[in-house]
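What follows is model.cif (mmCIF, C-alpha atoms).
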data_upload
#
loop_
_atom_site.label_atom_id
_atom_site.label_comp_id
_atom_site.auth_asym_id
_atom_site.auth_seq_id
_atom_site.Cartn_x
_atom_site.Cartn_y
_atom_site.Cartn_z
CA MET A 6 0.00 0.00 0.00
CA LYS A 7 2.81 2.39 0.93
CA LYS A 8 4.67 1.73 -2.34
CA SER A 9 1.45 2.10 -4.33
CA LEU A 10 0.73 5.51 -2.84
CA ILE A 11 4.24 6.75 -3.61
CA THR A 12 4.11 5.39 -7.19
CA LEU A 13 0.69 6.95 -7.80
CA ALA A 14 1.82 10.33 -6.50
CA ILE A 15 4.92 10.37 -8.72
CA VAL A 16 3.04 9.25 -11.84
CA ALA A 17 0.32 11.85 -11.27
CA ALA A 18 2.80 14.66 -10.64
CA VAL A 19 4.82 13.87 -13.75
CA ALA A 20 2.11 12.79 -16.19
CA VAL A 21 -0.42 15.58 -15.83
CA PRO A 22 1.87 18.50 -16.78
CA MET A 23 3.18 16.48 -19.76
CA THR A 24 -0.19 15.42 -21.17
CA VAL A 25 -2.07 18.70 -20.77
CA SER A 26 -0.04 20.65 -23.31
CA ALA A 27 -2.40 23.66 -23.42
CA ALA A 28 -2.08 24.26 -19.70
CA GLU A 29 0.46 26.29 -17.75
CA ALA A 30 2.12 23.75 -15.48
CA LYS A 31 4.76 24.05 -12.79
CA PHE A 32 6.50 21.08 -11.24
CA PHE A 33 8.01 21.71 -7.77
CA GLY A 34 9.63 19.98 -4.83
CA TYR A 35 11.93 20.53 -1.88
CA SER A 36 13.72 18.68 0.90
CA GLN A 37 14.44 19.87 4.44
CA ILE A 38 17.19 17.98 6.26
CA THR A 39 17.56 18.75 9.97
CA ALA A 40 19.94 18.40 12.89
CA ALA A 41 19.25 19.01 16.59
CA VAL A 42 21.40 19.12 19.72
CA GLY A 43 19.79 19.18 23.16
CA LYS A 44 16.92 17.63 25.03
CA GLY A 45 13.91 16.81 22.92
CA ALA A 46 10.45 18.34 22.87
CA GLU A 47 7.96 17.86 25.70
CA GLY A 48 10.57 17.12 28.36
CA ASN A 49 12.19 14.08 26.71
CA ASP A 50 15.41 14.02 28.72
CA ASP A 51 16.74 10.96 26.87
CA ALA A 52 17.06 12.76 23.52
CA ASP A 53 19.96 15.03 24.50
CA GLY A 54 22.55 14.21 21.84
CA LEU A 55 23.05 15.07 18.18
CA ARG A 56 20.20 13.81 16.00
CA PHE A 57 19.66 14.08 12.24
CA GLY A 58 16.29 13.95 10.54
CA ALA A 59 13.99 15.62 8.03
CA ASP A 60 10.97 17.91 8.31
CA ARG A 61 9.50 17.84 4.80
CA ILE A 62 10.22 15.88 1.62
CA ARG A 63 7.70 17.40 -0.79
CA LEU A 64 6.84 16.89 -4.46
CA GLY A 65 3.97 18.30 -6.48
CA TYR A 66 2.65 20.40 -9.31
CA LYS A 67 0.48 23.42 -9.95
CA ILE A 68 -1.52 23.66 -13.16
CA LYS A 69 -3.61 26.41 -14.75
CA GLN A 70 -5.75 26.37 -17.87
CA GLY A 71 -7.76 29.51 -18.46
CA ASN A 72 -9.53 30.30 -15.20
CA ALA A 73 -9.38 26.67 -14.03
CA TRP A 74 -6.51 25.57 -11.83
CA GLY A 75 -5.30 22.70 -9.67
CA LYS A 76 -2.60 21.66 -7.24
CA LEU A 77 -1.22 18.37 -5.98
CA GLN A 78 1.37 18.16 -3.20
CA VAL A 79 2.58 15.07 -1.35
CA ASP A 80 4.95 14.73 1.59
CA PHE A 81 6.98 11.50 1.61
CA MET A 82 7.68 11.99 5.32
CA LYS A 83 4.02 10.96 5.75
CA ALA A 84 4.25 7.88 3.50
CA GLY A 85 2.04 5.06 4.72
CA SER A 86 -0.71 7.34 6.05
CA THR A 87 -3.54 9.32 4.52
CA GLU A 88 -1.64 12.50 5.42
CA ILE A 89 0.85 11.85 2.60
CA ILE A 90 -1.57 14.00 0.57
CA LYS A 91 -0.96 17.57 1.71
CA ASP A 92 -2.93 19.30 -1.05
CA ALA A 93 -5.22 17.84 -3.70
CA VAL A 94 -7.30 20.80 -4.84
CA VAL A 95 -9.00 22.10 -7.97
CA GLY A 96 -10.59 25.47 -8.50
CA TYR A 97 -12.03 28.11 -10.79
CA LYS A 98 -11.40 31.84 -10.62
CA PHE A 99 -14.54 33.72 -11.63
CA SER A 100 -12.99 37.08 -10.66
CA ASP A 101 -10.77 38.64 -7.99
CA ALA A 102 -13.84 38.59 -5.75
CA ALA A 103 -14.69 34.91 -6.24
CA ASN A 104 -12.08 32.16 -6.54
CA VAL A 105 -13.58 28.75 -5.69
CA SER A 106 -11.45 25.89 -4.27
CA ALA A 107 -12.51 22.27 -3.70
CA GLY A 108 -10.49 19.34 -2.37
CA ILE A 109 -7.96 18.89 0.44
CA PHE A 110 -6.11 22.05 1.46
CA LYS A 111 -5.32 24.35 4.39
CA THR A 112 -8.22 25.83 6.29
CA PRO A 113 -8.03 29.65 6.46
CA VAL A 114 -7.13 30.06 10.16
CA GLY A 115 -3.69 31.34 11.15
CA MET A 116 -1.14 33.56 9.43
CA ASP A 117 1.99 31.54 10.10
CA PHE A 118 0.15 28.26 9.41
CA ASN A 119 -0.89 29.57 6.00
CA THR A 120 2.72 30.47 5.17
CA SER A 121 4.38 27.81 3.02
CA GLY A 122 6.70 25.44 4.88
CA LYS A 123 9.33 26.41 2.33
CA GLY A 124 9.31 30.04 3.48
CA LEU A 125 9.17 29.90 7.28
CA ASP A 126 11.19 32.46 9.27
CA ILE A 127 12.39 29.82 11.76
CA VAL A 128 13.35 26.17 11.38
CA GLN A 129 9.90 24.79 12.18
CA ARG A 130 6.36 25.89 12.84
CA GLY A 131 5.85 27.14 16.36
CA MET A 132 3.56 26.48 19.28
CA GLU A 133 0.42 27.96 17.68
CA LYS A 134 0.33 25.36 14.90
CA LYS A 135 -1.39 22.67 16.99
CA LEU A 136 -4.33 24.98 17.74
CA VAL A 137 -5.27 25.67 14.10
CA LEU A 138 -7.81 23.56 12.20
CA GLU A 139 -5.11 22.16 9.88
CA ARG A 140 -5.86 20.75 6.42
CA ALA A 141 -9.24 19.23 5.59
CA ALA A 142 -11.42 18.30 2.64
CA GLY A 143 -13.90 21.01 1.77
CA LEU A 144 -15.08 23.90 -0.37
CA MET A 145 -13.87 27.50 -0.04
CA VAL A 146 -14.57 30.81 -1.76
CA SER A 147 -11.84 33.46 -1.68
CA GLY A 148 -11.40 37.05 -2.77
CA ARG A 149 -8.25 39.14 -3.14
CA ASN A 150 -7.16 42.61 -4.31
CA LEU A 151 -10.48 44.19 -3.33
CA SER A 152 -9.11 47.69 -2.65
CA GLY A 153 -6.57 46.06 -0.35
CA PHE A 154 -9.05 43.70 1.31
CA GLY A 155 -9.40 39.95 0.97
CA TYR A 156 -11.42 37.10 2.42
CA ASP A 157 -11.76 33.30 2.65
CA VAL A 158 -14.95 31.47 3.67
CA GLY A 159 -15.11 27.67 3.72
CA VAL A 160 -17.01 24.58 4.82
CA PHE A 161 -15.07 21.38 5.52
CA ASN A 162 -15.23 17.87 6.82
CA PRO A 163 -14.41 17.70 10.55
CA THR A 164 -10.75 18.67 10.96
CA GLN A 165 -9.41 15.43 12.38
CA ARG A 166 -5.82 16.31 11.41
CA SER A 167 -5.85 19.09 14.01
CA SER A 168 -4.11 18.27 17.30
CA ALA A 169 -6.77 20.27 19.17
CA VAL A 170 -9.80 18.42 17.76
CA GLY A 171 -10.88 15.14 19.39
CA PHE A 172 -13.33 12.75 17.74
CA GLY A 173 -15.06 9.45 17.97
CA ASP A 174 -16.80 8.82 14.68
CA ALA A 175 -17.26 11.89 12.49
CA GLY A 176 -21.01 11.34 12.14
CA ASP A 177 -22.69 14.50 10.86
CA ALA A 178 -19.99 16.80 12.25
CA MET A 179 -18.64 19.60 10.04
CA ALA A 180 -16.10 22.40 10.19
CA TYR A 181 -16.43 26.04 9.19
CA ALA A 182 -13.78 28.73 8.88
CA GLY A 183 -13.44 32.29 7.66
CA ARG A 184 -10.73 34.92 7.37
CA VAL A 185 -10.62 38.61 6.48
CA MET A 186 -7.45 40.53 5.68
CA TYR A 187 -6.06 43.86 4.60
CA ASP A 188 -2.84 44.51 2.69
CA MET A 189 -1.10 47.81 2.09
CA GLY A 190 1.18 46.82 -0.77
CA ASP A 191 4.02 44.58 0.40
CA SER A 192 4.62 46.56 3.60
CA LEU A 193 1.60 45.80 5.82
CA HIS A 194 -0.62 42.75 6.27
CA ILE A 195 -3.39 42.39 8.87
CA GLU A 196 -5.77 39.46 9.26
CA ALA A 197 -8.33 37.93 11.59
CA SER A 198 -9.85 34.46 11.35
CA TYR A 199 -12.30 32.21 13.14
CA GLY A 200 -13.15 28.54 12.82
CA THR A 201 -15.01 25.71 14.47
CA SER A 202 -15.03 21.93 14.13
CA THR A 203 -18.33 20.58 15.43
CA GLN A 204 -19.00 17.32 17.21
CA ASP A 205 -21.64 14.69 16.50
CA ASP A 206 -23.29 14.27 19.92
CA THR A 207 -24.17 10.65 19.16
CA ALA A 208 -20.56 9.77 18.29
CA LEU A 209 -18.72 11.19 21.31
CA ALA A 210 -20.94 11.73 24.32
CA GLY A 211 -20.48 15.03 26.11
CA ALA A 212 -17.99 16.43 23.59
CA GLU A 213 -18.08 20.16 22.82
CA ASP A 214 -17.40 21.89 19.52
CA TYR A 215 -13.83 23.14 19.18
CA THR A 216 -13.55 26.84 18.28
CA VAL A 217 -10.49 28.89 17.40
CA PHE A 218 -9.87 32.61 16.93
CA ASP A 219 -6.72 34.12 15.44
CA VAL A 220 -5.48 37.67 14.78
CA ALA A 221 -2.13 38.52 13.20
CA ALA A 222 -0.12 41.26 11.52
CA ALA A 223 3.12 41.59 9.55
CA TYR A 224 5.01 44.78 8.72
CA LYS A 225 8.08 45.23 6.53
CA LEU A 226 10.21 48.38 6.52
CA ASN A 227 13.29 48.23 4.32
CA ALA A 228 15.52 45.51 5.84
CA MET A 229 13.35 45.04 8.93
CA THR A 230 10.43 42.64 9.34
CA PHE A 231 8.02 42.57 12.28
CA LYS A 232 5.28 39.99 12.93
CA ALA A 233 2.82 39.23 15.70
CA GLU A 234 0.08 36.64 16.12
CA TYR A 235 -2.38 35.56 18.79
CA ILE A 236 -4.51 32.40 18.71
CA LEU A 237 -7.10 31.13 21.20
CA GLY A 238 -8.50 27.60 21.12
CA SER A 239 -11.60 26.80 23.20
CA ASN A 240 -12.90 23.36 24.23
CA VAL A 241 -9.61 21.69 23.29
CA LEU A 242 -10.11 18.02 22.37
CA GLY A 243 -13.85 18.48 22.93
CA ALA A 244 -13.51 19.14 26.67
CA ASP A 245 -15.82 21.89 27.90
CA GLY A 246 -13.86 24.79 29.38
CA ASP A 247 -10.39 23.57 28.38
CA ASP A 248 -8.77 26.55 26.66
CA GLU A 249 -5.30 27.23 25.32
CA SER A 250 -3.75 30.33 23.80
CA VAL A 251 -0.47 31.17 22.09
CA TRP A 252 1.07 34.47 21.04
CA TYR A 253 4.36 35.35 19.44
CA LEU A 254 6.36 38.45 18.57
CA HIS A 255 8.88 38.28 15.73
CA GLY A 256 11.62 40.56 14.48
CA GLY A 257 13.98 40.08 11.55
CA TYR A 258 16.74 42.11 9.96
CA ALA A 259 18.26 41.38 6.54
CA PHE A 260 21.89 42.47 6.67
CA ASN A 261 22.20 41.70 2.96
CA ASP A 262 20.70 39.38 0.34
CA THR A 263 22.43 36.39 1.94
CA PHE A 264 22.10 36.81 5.71
CA GLU A 265 19.09 37.56 7.93
CA GLY A 266 19.00 37.58 11.71
CA VAL A 267 15.73 36.70 13.48
CA VAL A 268 14.32 36.65 17.00
CA ARG A 269 10.90 35.19 17.86
CA HIS A 270 9.32 34.71 21.27
CA TYR A 271 6.38 32.35 21.87
CA ASN A 272 4.21 32.12 24.94
CA ALA A 273 1.62 29.37 25.40
CA THR A 274 -0.98 29.33 28.18
CA GLN A 275 -3.10 26.39 29.31
CA ASP A 276 -6.28 27.14 31.30
CA TYR A 277 -8.25 23.93 31.89
CA ALA A 278 -11.58 23.41 33.64
CA ASN A 279 -9.99 21.00 36.13
CA GLY A 280 -7.84 23.81 37.50
CA ASP A 281 -4.64 23.17 35.52
CA ASP A 282 -3.08 26.50 34.66
CA PHE A 283 0.38 26.46 33.09
CA SER A 284 2.44 28.57 30.73
CA LEU A 285 5.49 27.87 28.58
CA GLY A 286 7.81 30.18 26.66
CA ASN A 287 10.11 29.43 23.71
CA THR A 288 12.47 32.09 22.38
CA TYR A 289 14.09 31.44 18.99
CA ILE A 290 17.35 33.26 18.21
CA GLY A 291 18.47 32.46 14.70
CA ALA A 292 19.98 33.14 11.33
CA ASN A 293 18.73 32.49 7.80
CA ILE A 294 21.47 32.05 5.21
CA TYR A 295 20.21 32.19 1.62
CA LEU A 296 22.35 30.33 -0.89
CA ALA A 297 19.96 30.87 -3.82
CA GLU A 298 16.87 32.92 -4.65
CA LYS A 299 13.32 32.27 -3.40
CA ASN A 300 14.36 29.89 -0.61
CA ASN A 301 15.56 27.32 -3.15
CA ALA A 302 18.73 26.78 -1.12
CA ARG A 303 18.81 27.94 2.47
CA ILE A 304 20.42 27.14 5.82
CA GLN A 305 18.56 27.99 9.03
CA LEU A 306 20.16 27.99 12.48
CA ASN A 307 18.08 28.44 15.65
CA TYR A 308 18.88 28.33 19.35
CA VAL A 309 15.70 27.91 21.41
CA LEU A 310 15.52 29.08 25.03
CA ALA A 311 12.76 27.49 27.13
CA SER A 312 11.08 29.40 29.97
CA GLY A 313 8.03 29.20 32.21
CA ASP A 314 6.65 25.91 33.56
CA THR A 315 9.37 23.46 32.53
CA ASP A 316 10.32 21.48 35.66
CA GLY A 317 8.91 18.63 37.73
CA ALA A 318 5.20 18.81 38.52
CA ASP A 319 5.01 22.21 36.82
CA VAL A 320 5.77 20.91 33.30
CA TYR A 321 3.42 22.48 30.78
CA SER A 322 1.05 19.79 29.50
CA GLY A 323 -1.03 21.59 26.88
CA VAL A 324 -1.78 20.56 23.31
CA ALA A 325 0.18 23.57 22.02
CA THR A 326 3.47 21.92 22.94
CA GLY A 327 6.92 23.41 22.67
CA TYR A 328 10.39 22.81 24.06
CA THR A 329 10.78 22.43 27.84
CA ASP A 330 14.57 22.65 27.64
CA ASP A 331 17.03 24.63 25.55
CA ILE A 332 17.85 23.13 22.15
CA PHE A 333 19.84 23.96 19.01
CA LEU A 334 18.13 23.36 15.66
CA ALA A 335 19.54 23.46 12.13
CA GLN A 336 17.97 22.89 8.73
CA PHE A 337 19.34 22.72 5.18
CA GLN A 338 16.69 23.21 2.53
CA VAL A 339 17.08 22.66 -1.21
CA GLY A 340 14.22 22.90 -3.67
CA PHE A 341 13.03 23.98 -7.09
#

Using the file provided, produce a representation of the structure as structure tokens.
Amino acid sequence: MKKSLITLAIVAAVAVPMTVSAAEAKFFGYSQITAAVGKGAEGNDDADGLRFGADRIRLGYKIKQGNAWGKLQVDFMKAGSTEIIKDAVVGYKFSDAANVSAGIFKTPVGMDFNTSGKGLDIVQRGMEKKLVLERAAGLMVSGRNLSGFGYDVGVFNPTQRSSAVGFGDAGDAMAYAGRVMYDMGDSLHIEASYGTSTQDDTALAGAEDYTVFDVAAAYKLNAMTFKAEYILGSNVLGADGDDESVWYLHGGYAFNDTFEGVVRHYNATQDYANGDDFSLGNTYIGANIYLAEKNNARIQLNYVLASGDTDGADVYSGVATGYTDDIFLAQFQVGF
């Protein structure tokens, strides 16, 4: 089964752009090879040596024919599971105000989450990622370039890929998400989003609908970049009154076309109905070294400082997990 999925993905990615000669097709892929030194995530004291690995091994294509378009993207790090399909989406652009998407793709909640994994400011996605609704199968209508404004509104299957959503059987559960944004050229971006993944009461007794709210902004001034985001997840894993929130502040400075320094601080808070109330901080201090244009060859180096509830009985135990001890992370990315 695993080999069949990989073979099918490769054949589809290669064959479609070759056989649809009238279409505009783009074949793409990238690999992210990692190294880490220090204790592992979530207080794993045994993983304190040098470890090599990979974050993403992606391959896919984008295709456009007239106003119709499509995208396929697979991640071979997920081979053997249904999550090997990252994006399988088709769409039609009626106008700037109405671009319709259908298939499997990212739900429109979260600024950093909706940034491509190829273009992240730090080595990996941060603590807010596990509170978003993640990818799901659904239908979405989007608008852009509307006097600076844009929007996304979608209906999806229940978002079972999300770490914050707990399910028995899906039943008649659904998910809904929407986002509004404003852009002032390339210098300023502001957005707010809201989503929910409902529960089928007959499938998981007593479970509550998970809801999530996110607000974020990014500002670029010459060589400087500033970002901020706040996300609040309510009824985490379907438990009434179990809430978690994450915020981060980010600053970057491009010394030249090759070297950028970055600092990002995360803070996660857990406020559960049973009285658990913890917080955890992760501060990333790093460098991005660009060896080619458009992130096609890049080295990222991050040192992560852990703070807050990290020791003994006070270890942070929320879904929005991070590092409970200091760690050094490195990534070498090559793509096309």

Please evaluate the PyMOL selection byres ((chain A and resi 185) around 9) against the displayed coordinates and give the resulting residues as a ChimeraX atom specification.
/A:154-158,183-184,186-187,195-198

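Run against this file, the PyMOL selection byres ((chain A and resi 39) around 6) gives back Ile38, Ala40, Phe57, Gly58, Ala59, Ala335 and Gln336 of chain A.
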
A:Gly122, A:Val94, A:Leu242, A:Val105 ranked by distance to A:Arg166, top pick (using all atoms listed in the file):
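Of A:Gly122, A:Val94, A:Leu242, A:Val105, the one nearest A:Arg166, counting all atoms listed in the file, is A:Leu242.
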
Listed atoms of stretch 169-181 of chain A boxed axis-aligned with 8 Å per side, centre + edges as lines of an AutoDock Vina configuration file:
center_x = -14.7
center_y = 17.4
center_z = 14.3
size_x = 31.9
size_y = 33.2
size_z = 26.2

Name all residues at most 12 Å from A:Gly280 (count only C-alpha atoms; drop same-chain ones fewer than 6 positions away) and give them as a ChimeraX atom specification.
/A:246-248

Provide the atom CA of A:Leu226 to atom CA of A:Ala311 distance in Å, to one decimal place.
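Atom CA of A:Leu226 sits 29.5 Å away from atom CA of A:Ala311.
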
Interatomic distance (Å, one decimal) between atom CA of A:Val339 and atom CA of A:Asn300:
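Calculated distance between atom CA of A:Val339 and atom CA of A:Asn300 is 7.7 Å.
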
Distance query 7 Å from (-8.1, 26.2, 7.1) using all atoms listed in the file, result as an MDAnalysis selection string
chainID A and resid 111:114 138:140 182

C-alpha atoms of the current selection, written as an mmCIF file, in the coordinates of the input:
data_model
loop_
_atom_site.group_PDB
_atom_site.id
_atom_site.type_symbol
_atom_site.label_atom_id
_atom_site.label_comp_id
_atom_site.auth_asym_id
_atom_site.auth_seq_id
_atom_site.Cartn_x
_atom_site.Cartn_y
_atom_site.Cartn_z
ATOM 1 C CA LYS A 111 -5.320 24.350 4.390
ATOM 2 C CA THR A 112 -8.220 25.830 6.290
ATOM 3 C CA PRO A 113 -8.030 29.650 6.460
ATOM 4 C CA VAL A 114 -7.130 30.060 10.160
ATOM 5 C CA LEU A 138 -7.810 23.560 12.200
ATOM 6 C CA GLU A 139 -5.110 22.160 9.880
ATOM 7 C CA ARG A 140 -5.860 20.750 6.420
ATOM 8 C CA ALA A 182 -13.780 28.730 8.880
#

Fewer than 2 positions away in the same chain doesn't count, so skip those; otherwise give me all residues within 6 Å of stretch 217-224 of chain A, counting only C-alpha atoms, as an mmCIF file with C-alpha atoms, in the coordinates of the input.
data_model
loop_
_atom_site.group_PDB
_atom_site.id
_atom_site.type_symbol
_atom_site.label_atom_id
_atom_site.label_comp_id
_atom_site.auth_asym_id
_atom_site.auth_seq_id
_atom_site.Cartn_x
_atom_site.Cartn_y
_atom_site.Cartn_z
ATOM 1 C CA GLY A 115 -3.690 31.340 11.150
ATOM 2 C CA SER A 192 4.620 46.560 3.600
ATOM 3 C CA LEU A 193 1.600 45.800 5.820
ATOM 4 C CA HIS A 194 -0.620 42.750 6.270
ATOM 5 C CA ILE A 195 -3.390 42.390 8.870
ATOM 6 C CA GLU A 196 -5.770 39.460 9.260
ATOM 7 C CA ALA A 197 -8.330 37.930 11.590
ATOM 8 C CA SER A 198 -9.850 34.460 11.350
ATOM 9 C CA TYR A 199 -12.300 32.210 13.140
ATOM 10 C CA GLY A 200 -13.150 28.540 12.820
ATOM 11 C CA THR A 230 10.430 42.640 9.340
ATOM 12 C CA PHE A 231 8.020 42.570 12.280
ATOM 13 C CA LYS A 232 5.280 39.990 12.930
ATOM 14 C CA ALA A 233 2.820 39.230 15.700
ATOM 15 C CA GLU A 234 0.080 36.640 16.120
ATOM 16 C CA TYR A 235 -2.380 35.560 18.790
ATOM 17 C CA ILE A 236 -4.510 32.400 18.710
ATOM 18 C CA LEU A 237 -7.100 31.130 21.200
ATOM 19 C CA GLY A 238 -8.500 27.600 21.120
#

Identify which of the residues A:Ala259, A:Val79, A:Ile89, A:Leu310 lies closest to A:Phe333, counting all atoms listed in the file when measuring atom-to-atom distances.
A:Leu310

For atom CA of A:Phe172 and atom CA of A:Tyr277, quote the distance in Å rounded to one decimal.
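About the pair atom CA of A:Phe172 and atom CA of A:Tyr277: they are 18.7 Å apart.
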
Spatial neighbours of A:Tyr328, max dist 12 Å, only C-alpha atoms, sep filter under 2 positions, as a ChimeraX atom specification:
/A:43-50,131-132,271-273,284-289,308-316,320-323,325-326,330-334

Export of the given selection (C-alpha atoms) as a compact mmCIF listing (two decimals), in the frame of the given file:
# COMPACT_ATOMS: atom_id res chain seq x y z
CA GLY A 43 19.79 19.18 23.16
CA LYS A 44 16.92 17.63 25.03
CA GLY A 45 13.91 16.81 22.92
CA ALA A 46 10.45 18.34 22.87
CA GLU A 47 7.96 17.86 25.70
CA GLY A 48 10.57 17.12 28.36
CA ASN A 49 12.19 14.08 26.71
CA ASP A 50 15.41 14.02 28.72
CA GLY A 131 5.85 27.14 16.36
CA MET A 132 3.56 26.48 19.28
CA TYR A 271 6.38 32.35 21.87
CA ASN A 272 4.21 32.12 24.94
CA ALA A 273 1.62 29.37 25.40
CA SER A 284 2.44 28.57 30.73
CA LEU A 285 5.49 27.87 28.58
CA GLY A 286 7.81 30.18 26.66
CA ASN A 287 10.11 29.43 23.71
CA THR A 288 12.47 32.09 22.38
CA TYR A 289 14.09 31.44 18.99
CA TYR A 308 18.88 28.33 19.35
CA VAL A 309 15.70 27.91 21.41
CA LEU A 310 15.52 29.08 25.03
CA ALA A 311 12.76 27.49 27.13
CA SER A 312 11.08 29.40 29.97
CA GLY A 313 8.03 29.20 32.21
CA ASP A 314 6.65 25.91 33.56
CA THR A 315 9.37 23.46 32.53
CA ASP A 316 10.32 21.48 35.66
CA VAL A 320 5.77 20.91 33.30
CA TYR A 321 3.42 22.48 30.78
CA SER A 322 1.05 19.79 29.50
CA GLY A 323 -1.03 21.59 26.88
CA ALA A 325 0.18 23.57 22.02
CA THR A 326 3.47 21.92 22.94
CA ASP A 330 14.57 22.65 27.64
CA ASP A 331 17.03 24.63 25.55
CA ILE A 332 17.85 23.13 22.15
CA PHE A 333 19.84 23.96 19.01
CA LEU A 334 18.13 23.36 15.66

Which residue gives the smallest distance to A:Gln165 among A:Gly256, A:Gly243, A:Gly65, A:Gly85, with only C-alpha atoms counted?
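Closest to A:Gln165, using only C-alpha atoms: A:Gly243.
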
Excluding A:Phe161 and residues on its chain fewer than 3 positions from it, collect all residues at most 6 Å away from it, counting only C-alpha atoms, and give them as a list in words.
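Once the adjacent positions are removed, what remains is Ala142, Gly143 and Ala180 of chain A.
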